[in-house]
Structures are given as C-alpha cells and as structure tokens.
Amino acid sequence: MKIGVFGNTYQENRINQINKVFEQLSKLNVEVWIEEDFCHYLRKKLSYYPHTSGYIVGNQFDVDIALSMGGDGTFLRTAALVGKKNIPILGINTGNLGFLADISEEDIENTLQEIINKEYRVEERSLLKLTTEENLFQGFNYALNEIAVLKRDSSSMITVHTHLNDDYLASYWADGLIVATPTGSTAYSMSVNGPIVLPQAKSIVISPIAPHSLTVRPLIIPDDFKITLDIESRSKNFRIAVDGRSETFPTGTKLSICKADFSIKIIKRHQQTFYDTLRNKLMWGSDNRNYV
C-alpha cells in the first residue's frame, strides 16, 4: 500500500503526534510518500527525519490513500491537491477543532491498523464549482467547504445580486455571502449562524455575512440549482475565497456556482458517525459550569 502524507508547516507543538504516525506507518511496512515541503519542514525546523520512499511535489502523485496531518485547513489543501484523482483522504487532527481532520492522537495507531486491514468506510462529499468570466479565478476552482464573496477591506458593505436558475432571489447588502456545501455547513457558514446540514443531504446553504437587514436569513436550496452572483461595491472590487484561497476581482465580474461533477472521498472509521463529531466538537450535552 502506498500512502501519501501531507501536512502544514507550523506544527512545532505537535511532534508527538507526528512521530506516532510515522512510527506506526513504519511498523505496518507501508510505502510512505511525503509532501516535499512538509518533509523539509520536519527536518529543518523540528530535526525530525521520517523514513520515506520519496517526495510528493505539487499535485503530481499517485497513492492509495492521502493522509492529512493538521487541522481542517490542511485537509482542504490536501483535497485540492487530490482533486479528481479519486484518492480517499484520512484526516489526522494535529490542529484545533477538526470536523474533517477528526482522528485524535489516542486513535492514531488503531486507525492506521484498520486502514491496512481495509476495515473502514468511505464517505463521498460534494463540492462546489466556481466559474468566472474568462476563467479569471486562478488555480483549483472547486470548494469542499464553501465559496465566499467578501468585501475587500474595511470599506462599506457590498451588494450581492443573487439569482437561482436565472430567477431573481435577492440583493444582499452585507459584508459578504457564503455559499456552502453540507460539509462546509460546520465551517465558515456556521460561524455566521448558518444551519448545520448532514453530509448526506443533497443541498447547498446560502448564508449572508452581517446583513444590513435583520430579516435576511440563511437559505437551503437543492444542490442541482445554479447560483449566479453579480456584485456591486463602492471600492470597485471584492474578494472571492474558495476554501480560503482568495483572489480580488473588479465589480461587474459575474460569478456562477454549481455542484461539481466529482466528489471527494473521506475515510471514516466504522464506529465513527457525524453525530459523534457534532457532540464532541461542539460539546452538545456537556455541562462545563464550575460548581463551588
């Protein structure tokens, strides 16, 4: 089995988890390929020298499983590199919250053993595709979490004229607008009071950011709808963030968003459910009050 390892370059306090992963991979006698920048970081900054069969450079690789070490941001970057390769991704959490990277340190050894034994399940997660006039957006124009339209700086709010399947919906006067997948409903969208949506739901969430009108609320639509956005801004420009990869565009640029024609595969343990993740990450049912 060939496993590709991806990670971020700010894990100074996570060396124990990193060491545990590579030690277990070595014990399991798998072929390990590691992202080149991540490997150089481990060697130069952390003085850690993992055994590896070779380097992964950019998106030119072919492995059986992609292993993401970090938080959800690292997982999203790994997903962008995997793209349409149909390679399942396992997220090991060496970050903070971790809805996508949800394998904790105490579960690393058992989880990797299950991977070798092929005792796991794969969830398919939908993505959003962003299309701009003349393909202005550079790089991977797909989002596993969300596509956000944002005001560029501290200037006044932007107006986002929104159409669904060419029918006019509304003009959002706000700091921005988030279009999220079910996977992304627990990310940026949730932080602006968008609804939590089960990953299996065939839907898209539209959530305004700090809208001027108090009656404007998040909206759930079918995932086979096409969304068209036209933005007005006093500063004559705005930002688009696709899973955090952002670029600036001039007003007048029309955006089209729809469901992608491929999915990202995420590895989950058999006993692991989305409900467990919600309870653990959001501390549902927990009583953290301090009693005297």
# chains A, B, ... in the order shown; residues from 1 in each chain; ligands from 1
call {"tool": "residues_around", "arguments": {"residues": "region 15-31 of chain A", "least_positions_apart": "6", "cutoff": "7 Å", "atoms": "only C-alpha atoms", "output": "NGL selection string"}}
result
:A and (1-3 or 50 or 53 or 94 or 105 or 108-109)
call {"tool": "write_last_selection", "arguments": {"atoms": "N, CA and C atoms", "output": "PDB file, in the first residue's frame"}}
result
ATOM      1  N   MET A   1       0.836  -1.200   0.000  1.00  0.00           N
ATOM      2  CA  MET A   1       0.000   0.000   0.000  1.00  0.00           C
ATOM      3  C   MET A   1       0.871   1.250   0.000  1.00  0.00           C
ATOM      4  N   LYS A   2       0.507   2.210  -0.853  1.00  0.00           N
ATOM      5  CA  LYS A   2       1.216   3.493  -0.911  1.00  0.00           C
ATOM      6  C   LYS A   2       0.370   4.560  -0.216  1.00  0.00           C
ATOM      7  N   ILE A   3       0.972   5.217   0.763  1.00  0.00           N
ATOM      8  CA  ILE A   3       0.292   6.282   1.499  1.00  0.00           C
ATOM      9  C   ILE A   3       1.050   7.585   1.290  1.00  0.00           C
ATOM     10  N   PRO A  50      11.745  11.556   9.106  1.00  0.00           N
ATOM     11  CA  PRO A  50      10.891  10.391   8.857  1.00  0.00           C
ATOM     12  C   PRO A  50      11.423   9.551   7.704  1.00  0.00           C
ATOM     13  N   SER A  53       9.695   6.861   1.149  1.00  0.00           N
ATOM     14  CA  SER A  53      10.061   6.238  -0.127  1.00  0.00           C
ATOM     15  C   SER A  53      10.301   7.261  -1.210  1.00  0.00           C
ATOM     16  N   THR A  94      -3.989  17.264  14.129  1.00  0.00           N
ATOM     17  CA  THR A  94      -2.932  17.855  14.949  1.00  0.00           C
ATOM     18  C   THR A  94      -3.173  19.359  15.048  1.00  0.00           C
ATOM     19  N   GLU A 105      -5.192  11.934  18.627  1.00  0.00           N
ATOM     20  CA  GLU A 105      -3.897  11.301  18.888  1.00  0.00           C
ATOM     21  C   GLU A 105      -4.055   9.890  19.455  1.00  0.00           C
ATOM     22  N   ILE A 108      -4.714   7.156  16.709  1.00  0.00           N
ATOM     23  CA  ILE A 108      -3.843   7.045  15.532  1.00  0.00           C
ATOM     24  C   ILE A 108      -3.455   5.603  15.237  1.00  0.00           C
ATOM     25  N   GLU A 109      -2.940   4.912  16.216  1.00  0.00           N
ATOM     26  CA  GLU A 109      -2.423   3.564  15.974  1.00  0.00           C
ATOM     27  C   GLU A 109      -3.523   2.613  15.512  1.00  0.00           C
TER      28      GLU A 109
END
call {"tool": "residues_around", "arguments": {"residues": "Leu100 (chain A)", "least_positions_apart": "3", "cutoff": "9 Å", "atoms": "only C-alpha atoms", "output": "NGL selection string"}}
result
:A and (71-73 or 75-76 or 90-93 or 103 or 183 or 266)
call {"tool": "write_last_selection", "arguments": {"atoms": "N, CA, C and O atoms", "output": "PDB file, in the first residue's frame"}}
result
ATOM      1  N   GLY A  71      -5.027  20.518  10.737  1.00  0.00           N
ATOM      2  CA  GLY A  71      -6.422  20.807  11.012  1.00  0.00           C
ATOM      3  C   GLY A  71      -7.241  20.728   9.747  1.00  0.00           C
ATOM      4  O   GLY A  71      -6.811  20.160   8.732  1.00  0.00           O
ATOM      5  N   ASP A  72      -8.411  21.328   9.783  1.00  0.00           N
ATOM      6  CA  ASP A  72      -9.282  21.288   8.605  1.00  0.00           C
ATOM      7  C   ASP A  72      -8.698  22.071   7.434  1.00  0.00           C
ATOM      8  O   ASP A  72      -8.938  21.737   6.276  1.00  0.00           O
ATOM      9  N   GLY A  73      -7.919  23.119   7.719  1.00  0.00           N
ATOM     10  CA  GLY A  73      -7.274  23.866   6.643  1.00  0.00           C
ATOM     11  C   GLY A  73      -6.315  22.995   5.850  1.00  0.00           C
ATOM     12  O   GLY A  73      -6.271  23.058   4.615  1.00  0.00           O
ATOM     13  N   PHE A  75      -6.534  19.759   5.645  1.00  0.00           N
ATOM     14  CA  PHE A  75      -7.369  18.785   4.932  1.00  0.00           C
ATOM     15  C   PHE A  75      -7.894  19.389   3.634  1.00  0.00           C
ATOM     16  O   PHE A  75      -7.880  18.737   2.583  1.00  0.00           O
ATOM     17  N   LEU A  76      -8.341  20.636   3.681  1.00  0.00           N
ATOM     18  CA  LEU A  76      -8.860  21.291   2.480  1.00  0.00           C
ATOM     19  C   LEU A  76      -7.778  21.435   1.418  1.00  0.00           C
ATOM     20  O   LEU A  76      -8.023  21.256   0.222  1.00  0.00           O
ATOM     21  N   LEU A  90      -7.633  10.560   4.608  1.00  0.00           N
ATOM     22  CA  LEU A  90      -7.782  10.368   6.050  1.00  0.00           C
ATOM     23  C   LEU A  90      -7.229  11.589   6.759  1.00  0.00           C
ATOM     24  O   LEU A  90      -6.095  12.006   6.509  1.00  0.00           O
ATOM     25  N   GLY A  91      -8.036  12.193   7.628  1.00  0.00           N
ATOM     26  CA  GLY A  91      -7.611  13.389   8.335  1.00  0.00           C
ATOM     27  C   GLY A  91      -7.223  13.101   9.777  1.00  0.00           C
ATOM     28  O   GLY A  91      -8.061  12.692  10.588  1.00  0.00           O
ATOM     29  N   ILE A  92      -5.932  13.277  10.107  1.00  0.00           N
ATOM     30  CA  ILE A  92      -5.450  13.123  11.483  1.00  0.00           C
ATOM     31  C   ILE A  92      -5.303  14.510  12.092  1.00  0.00           C
ATOM     32  O   ILE A  92      -4.613  15.368  11.542  1.00  0.00           O
ATOM     33  N   ASN A  93      -5.960  14.723  13.211  1.00  0.00           N
ATOM     34  CA  ASN A  93      -6.056  16.052  13.793  1.00  0.00           C
ATOM     35  C   ASN A  93      -4.846  16.390  14.663  1.00  0.00           C
ATOM     36  O   ASN A  93      -4.689  15.878  15.765  1.00  0.00           O
ATOM     37  N   ILE A 103      -9.398  12.445  13.427  1.00  0.00           N
ATOM     38  CA  ILE A 103      -8.756  11.321  14.121  1.00  0.00           C
ATOM     39  C   ILE A 103      -7.827  11.893  15.191  1.00  0.00           C
ATOM     40  O   ILE A 103      -6.869  12.593  14.881  1.00  0.00           O
ATOM     41  N   THR A 183     -20.834  19.691   3.823  1.00  0.00           N
ATOM     42  CA  THR A 183     -19.584  19.571   4.571  1.00  0.00           C
ATOM     43  C   THR A 183     -19.183  20.916   5.155  1.00  0.00           C
ATOM     44  O   THR A 183     -18.746  21.015   6.307  1.00  0.00           O
ATOM     45  N   ILE A 266     -13.741  10.655   1.718  1.00  0.00           N
ATOM     46  CA  ILE A 266     -13.189  10.830   3.055  1.00  0.00           C
ATOM     47  C   ILE A 266     -13.276   9.509   3.809  1.00  0.00           C
ATOM     48  O   ILE A 266     -14.341   8.876   3.854  1.00  0.00           O
TER      49      ILE A 266
END
call {"tool": "closest_residue", "arguments": {"among": "A:Cys258, A:Ile87, A:Leu46, A:Ala101", "to": "Asp64 (chain A)", "atoms": "only C-alpha atoms"}}
result
A:Ile87
call {"tool": "closest_residue", "arguments": {"among": "A:Arg269, A:Ser286, A:Thr78, A:Gly252", "to": "Asn110 (chain A)", "atoms": "only C-alpha atoms"}}
result
A:Arg269
call {"tool": "residues_around", "arguments": {"residues": "region 129-143 of chain A", "least_positions_apart": "5", "cutoff": "7 Å", "atoms": "only C-alpha atoms", "output": "ChimeraX atom specification"}}
result
/A:80,242-243,253-260
call {"tool": "write_last_selection", "arguments": {"atoms": "all heavy atoms", "output": "PDB file, in the first residue's frame"}}
result
ATOM      1  N   ALA A  80      -7.665  19.748  -2.316  1.00  0.00           N
ATOM      2  CA  ALA A  80      -7.410  20.490  -3.558  1.00  0.00           C
ATOM      3  C   ALA A  80      -6.314  19.818  -4.375  1.00  0.00           C
ATOM      4  O   ALA A  80      -6.367  19.801  -5.610  1.00  0.00           O
ATOM      5  CB  ALA A  80      -7.034  21.931  -3.237  1.00  0.00           C
ATOM      6  N   VAL A 242     -12.231  30.666  -2.061  1.00  0.00           N
ATOM      7  CA  VAL A 242     -12.640  29.295  -2.367  1.00  0.00           C
ATOM      8  C   VAL A 242     -11.881  28.379  -1.409  1.00  0.00           C
ATOM      9  O   VAL A 242     -10.685  28.144  -1.580  1.00  0.00           O
ATOM     10  CB  VAL A 242     -12.332  28.938  -3.834  1.00  0.00           C
ATOM     11  CG1 VAL A 242     -12.748  27.501  -4.134  1.00  0.00           C
ATOM     12  CG2 VAL A 242     -13.030  29.902  -4.770  1.00  0.00           C
ATOM     13  N   ASP A 243     -12.574  27.933  -0.365  1.00  0.00           N
ATOM     14  CA  ASP A 243     -11.927  27.164   0.707  1.00  0.00           C
ATOM     15  C   ASP A 243     -10.690  27.888   1.236  1.00  0.00           C
ATOM     16  O   ASP A 243      -9.653  27.272   1.510  1.00  0.00           O
ATOM     17  CB  ASP A 243     -11.545  25.765   0.227  1.00  0.00           C
ATOM     18  CG  ASP A 243     -12.713  24.790   0.285  1.00  0.00           C
ATOM     19  OD1 ASP A 243     -13.762  25.145   0.857  1.00  0.00           O
ATOM     20  OD2 ASP A 243     -12.587  23.667  -0.251  1.00  0.00           O
ATOM     21  N   THR A 253     -17.798  41.615 -12.381  1.00  0.00           N
ATOM     22  CA  THR A 253     -17.469  40.219 -12.690  1.00  0.00           C
ATOM     23  C   THR A 253     -18.621  39.327 -12.251  1.00  0.00           C
ATOM     24  O   THR A 253     -19.009  39.333 -11.090  1.00  0.00           O
ATOM     25  CB  THR A 253     -16.189  39.780 -11.963  1.00  0.00           C
ATOM     26  OG1 THR A 253     -15.120  40.657 -12.295  1.00  0.00           O
ATOM     27  CG2 THR A 253     -15.819  38.357 -12.346  1.00  0.00           C
ATOM     28  N   LYS A 254     -19.188  38.587 -13.163  1.00  0.00           N
ATOM     29  CA  LYS A 254     -20.285  37.687 -12.834  1.00  0.00           C
ATOM     30  C   LYS A 254     -19.736  36.328 -12.403  1.00  0.00           C
ATOM     31  O   LYS A 254     -18.798  35.811 -13.006  1.00  0.00           O
ATOM     32  CB  LYS A 254     -21.231  37.532 -14.022  1.00  0.00           C
ATOM     33  CG  LYS A 254     -22.000  38.801 -14.366  1.00  0.00           C
ATOM     34  CD  LYS A 254     -23.050  38.537 -15.411  1.00  0.00           C
ATOM     35  CE  LYS A 254     -23.781  39.821 -15.781  1.00  0.00           C
ATOM     36  NZ  LYS A 254     -24.469  40.407 -14.616  1.00  0.00           N
ATOM     37  N   LEU A 255     -20.334  35.790 -11.364  1.00  0.00           N
ATOM     38  CA  LEU A 255     -19.914  34.504 -10.813  1.00  0.00           C
ATOM     39  C   LEU A 255     -21.019  33.480 -10.997  1.00  0.00           C
ATOM     40  O   LEU A 255     -22.201  33.783 -10.806  1.00  0.00           O
ATOM     41  CB  LEU A 255     -19.595  34.628  -9.319  1.00  0.00           C
ATOM     42  CG  LEU A 255     -18.698  35.783  -8.880  1.00  0.00           C
ATOM     43  CD1 LEU A 255     -18.573  35.786  -7.363  1.00  0.00           C
ATOM     44  CD2 LEU A 255     -17.341  35.694  -9.533  1.00  0.00           C
ATOM     45  N   SER A 256     -20.627  32.268 -11.338  1.00  0.00           N
ATOM     46  CA  SER A 256     -21.576  31.166 -11.446  1.00  0.00           C
ATOM     47  C   SER A 256     -21.103  30.031 -10.545  1.00  0.00           C
ATOM     48  O   SER A 256     -19.925  29.645 -10.593  1.00  0.00           O
ATOM     49  CB  SER A 256     -21.687  30.692 -12.897  1.00  0.00           C
ATOM     50  OG  SER A 256     -22.586  29.610 -13.001  1.00  0.00           O
ATOM     51  N   ILE A 257     -22.001  29.530  -9.718  1.00  0.00           N
ATOM     52  CA  ILE A 257     -21.663  28.464  -8.772  1.00  0.00           C
ATOM     53  C   ILE A 257     -22.643  27.307  -8.954  1.00  0.00           C
ATOM     54  O   ILE A 257     -23.857  27.517  -9.001  1.00  0.00           O
ATOM     55  CB  ILE A 257     -21.713  28.965  -7.316  1.00  0.00           C
ATOM     56  CG1 ILE A 257     -20.708  30.105  -7.108  1.00  0.00           C
ATOM     57  CG2 ILE A 257     -21.435  27.832  -6.335  1.00  0.00           C
ATOM     58  CD1 ILE A 257     -20.831  30.780  -5.750  1.00  0.00           C
ATOM     59  N   CYS A 258     -22.095  26.098  -9.045  1.00  0.00           N
ATOM     60  CA  CYS A 258     -22.942  24.911  -9.153  1.00  0.00           C
ATOM     61  C   CYS A 258     -22.221  23.726  -8.515  1.00  0.00           C
ATOM     62  O   CYS A 258     -21.035  23.818  -8.162  1.00  0.00           O
ATOM     63  CB  CYS A 258     -23.278  24.609 -10.609  1.00  0.00           C
ATOM     64  SG  CYS A 258     -21.840  24.199 -11.628  1.00  0.00           S
ATOM     65  N   LYS A 259     -22.920  22.634  -8.375  1.00  0.00           N
ATOM     66  CA  LYS A 259     -22.318  21.425  -7.830  1.00  0.00           C
ATOM     67  C   LYS A 259     -21.314  20.850  -8.819  1.00  0.00           C
ATOM     68  O   LYS A 259     -21.563  20.818 -10.027  1.00  0.00           O
ATOM     69  CB  LYS A 259     -23.405  20.389  -7.525  1.00  0.00           C
ATOM     70  CG  LYS A 259     -22.895  19.099  -6.910  1.00  0.00           C
ATOM     71  CD  LYS A 259     -24.037  18.128  -6.665  1.00  0.00           C
ATOM     72  CE  LYS A 259     -23.533  16.797  -6.121  1.00  0.00           C
ATOM     73  NZ  LYS A 259     -24.638  15.828  -5.915  1.00  0.00           N
ATOM     74  N   ALA A 260     -20.167  20.412  -8.310  1.00  0.00           N
ATOM     75  CA  ALA A 260     -19.130  19.829  -9.166  1.00  0.00           C
ATOM     76  C   ALA A 260     -19.562  18.455  -9.670  1.00  0.00           C
ATOM     77  O   ALA A 260     -20.439  17.797  -9.088  1.00  0.00           O
ATOM     78  CB  ALA A 260     -17.828  19.718  -8.390  1.00  0.00           C
TER      79      ALA A 260
END
call {"tool": "select_by_dssp", "arguments": {"residues": "region 240-286 of chain A", "states": "strand (DSSP E)", "output": "count of residues only"}}
result
24
call {"tool": "residues_around", "arguments": {"residues": "Ala79 (chain A)", "least_positions_apart": "5", "cutoff": "9 Å", "atoms": "only C-alpha atoms", "output": "number ranges by chain"}}
result
A: 66, 74, 89, 144, 264-265
call {"tool": "write_last_selection", "arguments": {"atoms": "N, CA and C atoms", "output": "CSV table (one decimal), in the first residue's frame"}}
result
chain,number,residue,atom,x,y,z
A,66,ALA,N,-4.4,9.3,0.8
A,66,ALA,CA,-3.8,10.5,1.2
A,66,ALA,C,-4.1,10.7,2.7
A,74,THR,N,-5.5,22.2,6.5
A,74,THR,CA,-4.6,21.2,5.9
A,74,THR,C,-5.4,20.2,5.1
A,89,ILE,N,-9.2,10.3,1.4
A,89,ILE,CA,-8.3,11.1,2.4
A,89,ILE,C,-8.7,10.7,3.8
A,144,LEU,N,-14.6,22.3,-1.3
A,144,LEU,CA,-15.2,21.2,-0.5
A,144,LEU,C,-16.1,21.8,0.6
A,264,ILE,N,-15.2,14.3,-3.3
A,264,ILE,CA,-14.0,14.0,-2.6
A,264,ILE,C,-14.4,12.8,-1.6
A,265,LYS,N,-13.5,11.8,-1.6
A,265,LYS,CA,-13.7,10.7,-0.7
A,265,LYS,C,-13.0,10.8,0.6
call {"tool": "closest_atom_pairs", "arguments": {"of": "region 202-276 of chain A", "to": "region 168-180 of chain A", "cutoff": "7 Å", "atoms": "only C-alpha atoms", "output": "tab-separated table"}}
result
residue	atom	partner	partner_atom	distance
A:Ile204	CA	A:Ala180	CA	5.8
A:Val205	CA	A:Ala180	CA	5.0
A:Ile206	CA	A:Val179	CA	4.7
A:Ser207	CA	A:Ile178	CA	5.0
A:Pro208	CA	A:Leu177	CA	4.4
A:Ile209	CA	A:Gly176	CA	5.0
A:Ala210	CA	A:Ala174	CA	5.5
A:Pro211	CA	A:Ala174	CA	4.1
A:His212	CA	A:Ala174	CA	5.7
call {"tool": "write_last_selection", "arguments": {"atoms": "all heavy atoms", "output": "PDB file, in the first residue's frame"}}
result
ATOM      1  N   ILE A 204     -27.426  22.909  -0.758  1.00  0.00           N
ATOM      2  CA  ILE A 204     -26.443  23.985  -0.697  1.00  0.00           C
ATOM      3  C   ILE A 204     -26.985  25.037   0.261  1.00  0.00           C
ATOM      4  O   ILE A 204     -28.186  25.301   0.287  1.00  0.00           O
ATOM      5  CB  ILE A 204     -26.209  24.604  -2.095  1.00  0.00           C
ATOM      6  CG1 ILE A 204     -25.591  23.576  -3.049  1.00  0.00           C
ATOM      7  CG2 ILE A 204     -25.312  25.839  -2.007  1.00  0.00           C
ATOM      8  CD1 ILE A 204     -25.495  24.063  -4.490  1.00  0.00           C
ATOM      9  N   VAL A 205     -26.111  25.632   1.058  1.00  0.00           N
ATOM     10  CA  VAL A 205     -26.520  26.645   2.026  1.00  0.00           C
ATOM     11  C   VAL A 205     -26.013  28.015   1.580  1.00  0.00           C
ATOM     12  O   VAL A 205     -24.829  28.171   1.242  1.00  0.00           O
ATOM     13  CB  VAL A 205     -25.970  26.333   3.436  1.00  0.00           C
ATOM     14  CG1 VAL A 205     -26.409  27.412   4.426  1.00  0.00           C
ATOM     15  CG2 VAL A 205     -26.439  24.964   3.903  1.00  0.00           C
ATOM     16  N   ILE A 206     -26.908  28.988   1.554  1.00  0.00           N
ATOM     17  CA  ILE A 206     -26.538  30.371   1.255  1.00  0.00           C
ATOM     18  C   ILE A 206     -26.688  31.182   2.534  1.00  0.00           C
ATOM     19  O   ILE A 206     -27.793  31.302   3.072  1.00  0.00           O
ATOM     20  CB  ILE A 206     -27.423  30.962   0.140  1.00  0.00           C
ATOM     21  CG1 ILE A 206     -27.282  30.143  -1.145  1.00  0.00           C
ATOM     22  CG2 ILE A 206     -27.064  32.419  -0.114  1.00  0.00           C
ATOM     23  CD1 ILE A 206     -28.202  30.607  -2.260  1.00  0.00           C
ATOM     24  N   SER A 207     -25.561  31.728   3.041  1.00  0.00           N
ATOM     25  CA  SER A 207     -25.576  32.455   4.315  1.00  0.00           C
ATOM     26  C   SER A 207     -24.968  33.837   4.145  1.00  0.00           C
ATOM     27  O   SER A 207     -23.800  33.966   3.751  1.00  0.00           O
ATOM     28  CB  SER A 207     -24.791  31.689   5.386  1.00  0.00           C
ATOM     29  OG  SER A 207     -25.345  30.407   5.618  1.00  0.00           O
ATOM     30  N   PRO A 208     -25.731  34.909   4.441  1.00  0.00           N
ATOM     31  CA  PRO A 208     -25.172  36.265   4.377  1.00  0.00           C
ATOM     32  C   PRO A 208     -24.274  36.539   5.578  1.00  0.00           C
ATOM     33  O   PRO A 208     -24.465  35.970   6.659  1.00  0.00           O
ATOM     34  CB  PRO A 208     -26.415  37.157   4.401  1.00  0.00           C
ATOM     35  CG  PRO A 208     -27.432  36.347   5.137  1.00  0.00           C
ATOM     36  CD  PRO A 208     -27.159  34.908   4.793  1.00  0.00           C
ATOM     37  N   ILE A 209     -23.282  37.387   5.392  1.00  0.00           N
ATOM     38  CA  ILE A 209     -22.370  37.788   6.460  1.00  0.00           C
ATOM     39  C   ILE A 209     -22.738  39.200   6.908  1.00  0.00           C
ATOM     40  O   ILE A 209     -22.625  40.152   6.134  1.00  0.00           O
ATOM     41  CB  ILE A 209     -20.904  37.765   5.994  1.00  0.00           C
ATOM     42  CG1 ILE A 209     -20.528  36.389   5.437  1.00  0.00           C
ATOM     43  CG2 ILE A 209     -19.961  38.149   7.133  1.00  0.00           C
ATOM     44  CD1 ILE A 209     -19.180  36.362   4.753  1.00  0.00           C
ATOM     45  N   ALA A 210     -23.196  39.334   8.149  1.00  0.00           N
ATOM     46  CA  ALA A 210     -23.563  40.635   8.718  1.00  0.00           C
ATOM     47  C   ALA A 210     -24.455  41.432   7.778  1.00  0.00           C
ATOM     48  O   ALA A 210     -24.106  42.544   7.362  1.00  0.00           O
ATOM     49  CB  ALA A 210     -22.310  41.439   9.075  1.00  0.00           C
ATOM     50  N   PRO A 211     -25.639  40.903   7.418  1.00  0.00           N
ATOM     51  CA  PRO A 211     -26.520  41.633   6.512  1.00  0.00           C
ATOM     52  C   PRO A 211     -27.101  42.879   7.171  1.00  0.00           C
ATOM     53  O   PRO A 211     -27.306  42.915   8.389  1.00  0.00           O
ATOM     54  CB  PRO A 211     -27.615  40.602   6.199  1.00  0.00           C
ATOM     55  CG  PRO A 211     -27.650  39.720   7.409  1.00  0.00           C
ATOM     56  CD  PRO A 211     -26.207  39.620   7.863  1.00  0.00           C
ATOM     57  N   HIS A 212     -27.371  43.877   6.351  1.00  0.00           N
ATOM     58  CA  HIS A 212     -27.926  45.130   6.870  1.00  0.00           C
ATOM     59  C   HIS A 212     -29.361  44.948   7.332  1.00  0.00           C
ATOM     60  O   HIS A 212     -29.816  45.596   8.276  1.00  0.00           O
ATOM     61  CB  HIS A 212     -27.846  46.221   5.803  1.00  0.00           C
ATOM     62  CG  HIS A 212     -28.236  47.578   6.293  1.00  0.00           C
ATOM     63  ND1 HIS A 212     -29.495  48.088   6.127  1.00  0.00           N
ATOM     64  CD2 HIS A 212     -27.530  48.516   6.980  1.00  0.00           C
ATOM     65  CE1 HIS A 212     -29.564  49.296   6.663  1.00  0.00           C
ATOM     66  NE2 HIS A 212     -28.387  49.581   7.186  1.00  0.00           N
TER      67      HIS A 212
END
call {"tool": "closest_residue", "arguments": {"among": "A:Val122, A:Ile116, A:Leu150, A:Leu282", "to": "Pro88 (chain A)", "atoms": "only C-alpha atoms"}}
result
A:Val122
call {"tool": "closest_residue", "arguments": {"among": "A:Ser213, A:Ser233, A:Pro218, A:Glu106", "to": "Gly194 (chain A)", "atoms": "only C-alpha atoms"}}
result
A:Pro218
call {"tool": "closest_residue", "arguments": {"among": "A:Gly7, A:Gly95, A:Gly83, A:Gly184", "to": "Ser263 (chain A)", "atoms": "only C-alpha atoms"}}
result
A:Gly83
call {"tool": "select_by_dssp", "arguments": {"residues": "region 11-54 of chain A", "states": "helix (DSSP H, G or I)", "output": "NGL selection string"}}
result
:A and (15-27 or 36-44)
call {"tool": "residues_around", "arguments": {"residues": "Gly244 (chain A)", "least_positions_apart": "2", "cutoff": "10 Å", "atoms": "only C-alpha atoms", "output": "VMD selection string"}}
result
chain A and resid 73 76 to 77 143 145 to 148 188 240 to 242 246 to 247
call {"tool": "write_last_selection", "arguments": {"atoms": "N, CA, C and O atoms", "output": "mmCIF file, in the first residue's frame"}}
result
data_model
loop_
_atom_site.group_PDB
_atom_site.id
_atom_site.type_symbol
_atom_site.label_atom_id
_atom_site.label_comp_id
_atom_site.auth_asym_id
_atom_site.auth_seq_id
_atom_site.Cartn_x
_atom_site.Cartn_y
_atom_site.Cartn_z
ATOM 1 N N GLY A 73 -7.919 23.119 7.719
ATOM 2 C CA GLY A 73 -7.274 23.866 6.643
ATOM 3 C C GLY A 73 -6.315 22.995 5.850
ATOM 4 O O GLY A 73 -6.271 23.058 4.615
ATOM 5 N N LEU A 76 -8.341 20.636 3.681
ATOM 6 C CA LEU A 76 -8.860 21.291 2.480
ATOM 7 C C LEU A 76 -7.778 21.435 1.418
ATOM 8 O O LEU A 76 -8.023 21.256 0.222
ATOM 9 N N ARG A 77 -6.569 21.769 1.860
ATOM 10 C CA ARG A 77 -5.454 21.894 0.906
ATOM 11 C C ARG A 77 -5.132 20.531 0.292
ATOM 12 O O ARG A 77 -4.850 20.423 -0.908
ATOM 13 N N ALA A 143 -14.613 23.892 -4.351
ATOM 14 C CA ALA A 143 -14.612 24.057 -2.899
ATOM 15 C C ALA A 143 -15.294 22.873 -2.227
ATOM 16 O O ALA A 143 -16.429 22.521 -2.579
ATOM 17 N N ASN A 145 -15.652 22.998 1.170
ATOM 18 C CA ASN A 145 -16.398 23.683 2.228
ATOM 19 C C ASN A 145 -17.304 24.781 1.685
ATOM 20 O O ASN A 145 -18.513 24.677 1.774
ATOM 21 N N GLU A 146 -16.697 25.851 1.163
ATOM 22 C CA GLU A 146 -17.521 26.981 0.756
ATOM 23 C C GLU A 146 -16.826 27.889 -0.243
ATOM 24 O O GLU A 146 -15.595 27.906 -0.352
ATOM 25 N N ILE A 147 -17.649 28.656 -0.928
ATOM 26 C CA ILE A 147 -17.201 29.777 -1.756
ATOM 27 C C ILE A 147 -17.782 31.030 -1.112
ATOM 28 O O ILE A 147 -18.999 31.123 -0.918
ATOM 29 N N ALA A 148 -16.919 31.968 -0.740
ATOM 30 C CA ALA A 148 -17.360 33.174 -0.060
ATOM 31 C C ALA A 148 -17.054 34.394 -0.912
ATOM 32 O O ALA A 148 -15.952 34.531 -1.444
ATOM 33 N N TYR A 188 -17.222 28.024 7.914
ATOM 34 C CA TYR A 188 -17.470 29.465 7.868
ATOM 35 C C TYR A 188 -18.965 29.770 7.979
ATOM 36 O O TYR A 188 -19.402 30.696 8.668
ATOM 37 N N ILE A 240 -13.028 36.942 -3.599
ATOM 38 C CA ILE A 240 -13.630 35.615 -3.638
ATOM 39 C C ILE A 240 -12.697 34.662 -2.905
ATOM 40 O O ILE A 240 -11.495 34.613 -3.202
ATOM 41 N N ALA A 241 -13.233 33.914 -1.935
ATOM 42 C CA ALA A 241 -12.447 32.919 -1.206
ATOM 43 C C ALA A 241 -13.033 31.539 -1.478
ATOM 44 O O ALA A 241 -14.207 31.288 -1.179
ATOM 45 N N VAL A 242 -12.231 30.666 -2.061
ATOM 46 C CA VAL A 242 -12.640 29.295 -2.367
ATOM 47 C C VAL A 242 -11.881 28.379 -1.409
ATOM 48 O O VAL A 242 -10.685 28.144 -1.580
ATOM 49 N N SER A 246 -7.987 32.912 -1.763
ATOM 50 C CA SER A 246 -8.719 34.117 -2.141
ATOM 51 C C SER A 246 -8.029 34.913 -3.241
ATOM 52 O O SER A 246 -6.801 34.905 -3.366
ATOM 53 N N GLU A 247 -8.846 35.589 -4.033
ATOM 54 C CA GLU A 247 -8.386 36.492 -5.083
ATOM 55 C C GLU A 247 -9.306 37.694 -5.129
ATOM 56 O O GLU A 247 -10.459 37.631 -4.676
#
